[in-house]
Amino acid sequence: MPRSQRNDNFIDKSFTVMADILLKMMPTNRRAKEAFVYYRDGMSAQAEGEYAEALENYEEALTLEDNPNDRGYILYNIGLIHASNGEYEKALSYYHEAINVNPQMPSALNNIAVIYHYQGDKAREAGQENEAEDLFDRAAEYWKQAIRFAPNNYIEAQNWLKITGRSEMDVFF
């Protein structure tokens, strides 16, 4: 039974009914509709912490989805799962792939920056100052890109860029 048919609470059931109605009315091909069902089930599983099931659904959605924008979001969500599991290199790989198919994803750019910043902190703790600075510089570049797409977001990153002298501008928005 598909995950969408197993939802227990009223809100999830209501969302599923509405999504199914919209899915039937969407002027798109069967393959795209099927990709959406897998994506929706992946999001539901991910929200419940069922990461293995979410990954299976996302992988199936990727095999069916042709739209670059939608593929970007699928790849982004796969990256989220790997990051939450501490698999930062895998997460980076999926975030970069998401940006390659959909270059205007500030959330993926932000998450890349967060990982590089985290790795920079770890390198600094290990006494590897040069490596730390390189990672912080990489984080800064991705945060700047994210902020250009979403200037009212990532306020902490904007402050960090200013404090560390990695910002070329005083105000992003």
# chains A, B, ... in the order shown; residues from 1 in each chain; ligands from 1
$ residues_around --residues "A:His96" --least-positions-apart "2" --cutoff "10 Å" --atoms "only C-alpha atoms" --output "VMD selection string"
chain A and resid 72 75 to 76 79 90 to 94 98 to 103 108 to 109 112
$ write_last_selection --atoms "N, CA and C atoms" --output "mmCIF file, in the first residue's frame"
data_model
loop_
_atom_site.group_PDB
_atom_site.id
_atom_site.type_symbol
_atom_site.label_atom_id
_atom_site.label_comp_id
_atom_site.auth_asym_id
_atom_site.auth_seq_id
_atom_site.Cartn_x
_atom_site.Cartn_y
_atom_site.Cartn_z
ATOM 1 N N GLY A 72 15.701 18.828 -9.292
ATOM 2 C CA GLY A 72 16.514 19.560 -8.323
ATOM 3 C C GLY A 72 15.986 19.399 -6.899
ATOM 4 N N LEU A 75 16.672 15.817 -5.638
ATOM 5 C CA LEU A 75 18.088 15.685 -5.268
ATOM 6 C C LEU A 75 18.387 16.437 -3.973
ATOM 7 N N TYR A 76 17.802 17.605 -3.817
ATOM 8 C CA TYR A 76 17.968 18.397 -2.594
ATOM 9 C C TYR A 76 17.484 17.605 -1.372
ATOM 10 N N GLY A 79 19.833 14.980 -0.445
ATOM 11 C CA GLY A 79 20.952 15.610 0.273
ATOM 12 C C GLY A 79 20.608 15.875 1.724
ATOM 13 N N LYS A 90 28.321 12.824 0.876
ATOM 14 C CA LYS A 90 27.195 12.418 0.037
ATOM 15 C C LYS A 90 26.208 13.562 -0.103
ATOM 16 N N ALA A 91 25.927 14.233 1.007
ATOM 17 C CA ALA A 91 24.998 15.364 0.973
ATOM 18 C C ALA A 91 25.505 16.432 0.013
ATOM 19 N N LEU A 92 26.799 16.776 0.115
ATOM 20 C CA LEU A 92 27.377 17.772 -0.789
ATOM 21 C C LEU A 92 27.204 17.359 -2.248
ATOM 22 N N SER A 93 27.424 16.093 -2.514
ATOM 23 C CA SER A 93 27.286 15.594 -3.877
ATOM 24 C C SER A 93 25.867 15.816 -4.401
ATOM 25 N N TYR A 94 24.873 15.496 -3.593
ATOM 26 C CA TYR A 94 23.482 15.678 -4.026
ATOM 27 C C TYR A 94 23.101 17.148 -4.116
ATOM 28 N N ALA A 98 21.858 18.956 -7.438
ATOM 29 C CA ALA A 98 20.607 19.722 -7.458
ATOM 30 C C ALA A 98 20.838 21.088 -8.104
ATOM 31 N N ILE A 99 21.938 21.732 -7.743
ATOM 32 C CA ILE A 99 22.255 23.048 -8.308
ATOM 33 C C ILE A 99 22.589 22.942 -9.792
ATOM 34 N N ASN A 100 23.201 21.844 -10.190
ATOM 35 C CA ASN A 100 23.515 21.662 -11.612
ATOM 36 C C ASN A 100 22.256 21.579 -12.463
ATOM 37 N N VAL A 101 21.209 20.933 -11.955
ATOM 38 C CA VAL A 101 19.978 20.816 -12.743
ATOM 39 C C VAL A 101 19.036 21.993 -12.509
ATOM 40 N N ASN A 102 19.177 22.654 -11.365
ATOM 41 C CA ASN A 102 18.335 23.807 -11.043
ATOM 42 C C ASN A 102 19.199 24.841 -10.317
ATOM 43 N N PRO A 103 19.884 25.708 -11.071
ATOM 44 C CA PRO A 103 20.863 26.631 -10.473
ATOM 45 C C PRO A 103 20.283 27.647 -9.491
ATOM 46 N N ALA A 108 19.766 24.928 -1.339
ATOM 47 C CA ALA A 108 20.876 23.999 -1.582
ATOM 48 C C ALA A 108 22.210 24.722 -1.422
ATOM 49 N N LEU A 109 22.289 25.953 -1.942
ATOM 50 C CA LEU A 109 23.515 26.745 -1.781
ATOM 51 C C LEU A 109 23.802 26.989 -0.299
ATOM 52 N N ILE A 112 25.080 23.770 1.379
ATOM 53 C CA ILE A 112 26.479 23.523 1.033
ATOM 54 C C ILE A 112 27.370 24.389 1.925
#
$ residues_around --residues "A:Arg71" --least-positions-apart "3" --cutoff "12 Å" --atoms "only C-alpha atoms" --output "ChimeraX atom specification"
/A:32,35-36,39,58-68,74-78,94-95,97-103,105
$ atom_distance --atom1 "atom CA of A:Gln128" --atom2 "atom CA of A:Glu89"
19.0 Å
$ atom_distance --atom1 "atom CA of A:Asn111" --atom2 "atom CA of A:Tyr142"
8.7 Å
$ residues_around --residues "A:Pro106" --least-positions-apart "3" --cutoff "7 Å" --atoms "only C-alpha atoms" --output "list in words"
Leu109, Asn110, Ala146, Phe149 and Ala150 of chain A
$ residues_around --residues "A:Leu135" --least-positions-apart "2" --cutoff "10 Å" --atoms "only C-alpha atoms" --output "list in words"
Ala113, Ile115, Tyr116, His117, Tyr118, Gln119, Gly120, Asp121, Ala123, Arg124, Glu129, Asn130, Glu131, Ala132, Glu133, Asp137, Arg138, Ala139, Ala140 and Glu141 of chain A
$ write_last_selection --atoms "C-alpha atoms" --output "compact mmCIF listing (two decimals), in the first residue's frame"
# COMPACT_ATOMS: atom_id res chain seq x y z
CA ALA A 113 27.79 26.57 2.89
CA ILE A 115 28.50 21.92 5.62
CA TYR A 116 31.68 23.73 4.56
CA HIS A 117 31.43 25.98 7.63
CA TYR A 118 30.94 22.94 9.88
CA GLN A 119 33.94 21.24 8.28
CA GLY A 120 35.93 24.45 8.78
CA ASP A 121 35.07 24.45 12.48
CA ALA A 123 39.45 21.56 10.92
CA ARG A 124 40.11 24.52 13.23
CA GLU A 129 44.09 26.48 10.40
CA ASN A 130 44.88 26.73 6.66
CA GLU A 131 42.35 24.04 5.79
CA ALA A 132 39.81 25.71 8.06
CA GLU A 133 40.25 29.06 6.31
CA ASP A 137 36.12 30.78 2.19
CA ARG A 138 34.17 28.10 0.32
CA ALA A 139 31.27 28.52 2.72
CA ALA A 140 31.36 32.27 2.14
CA GLU A 141 31.13 31.87 -1.63
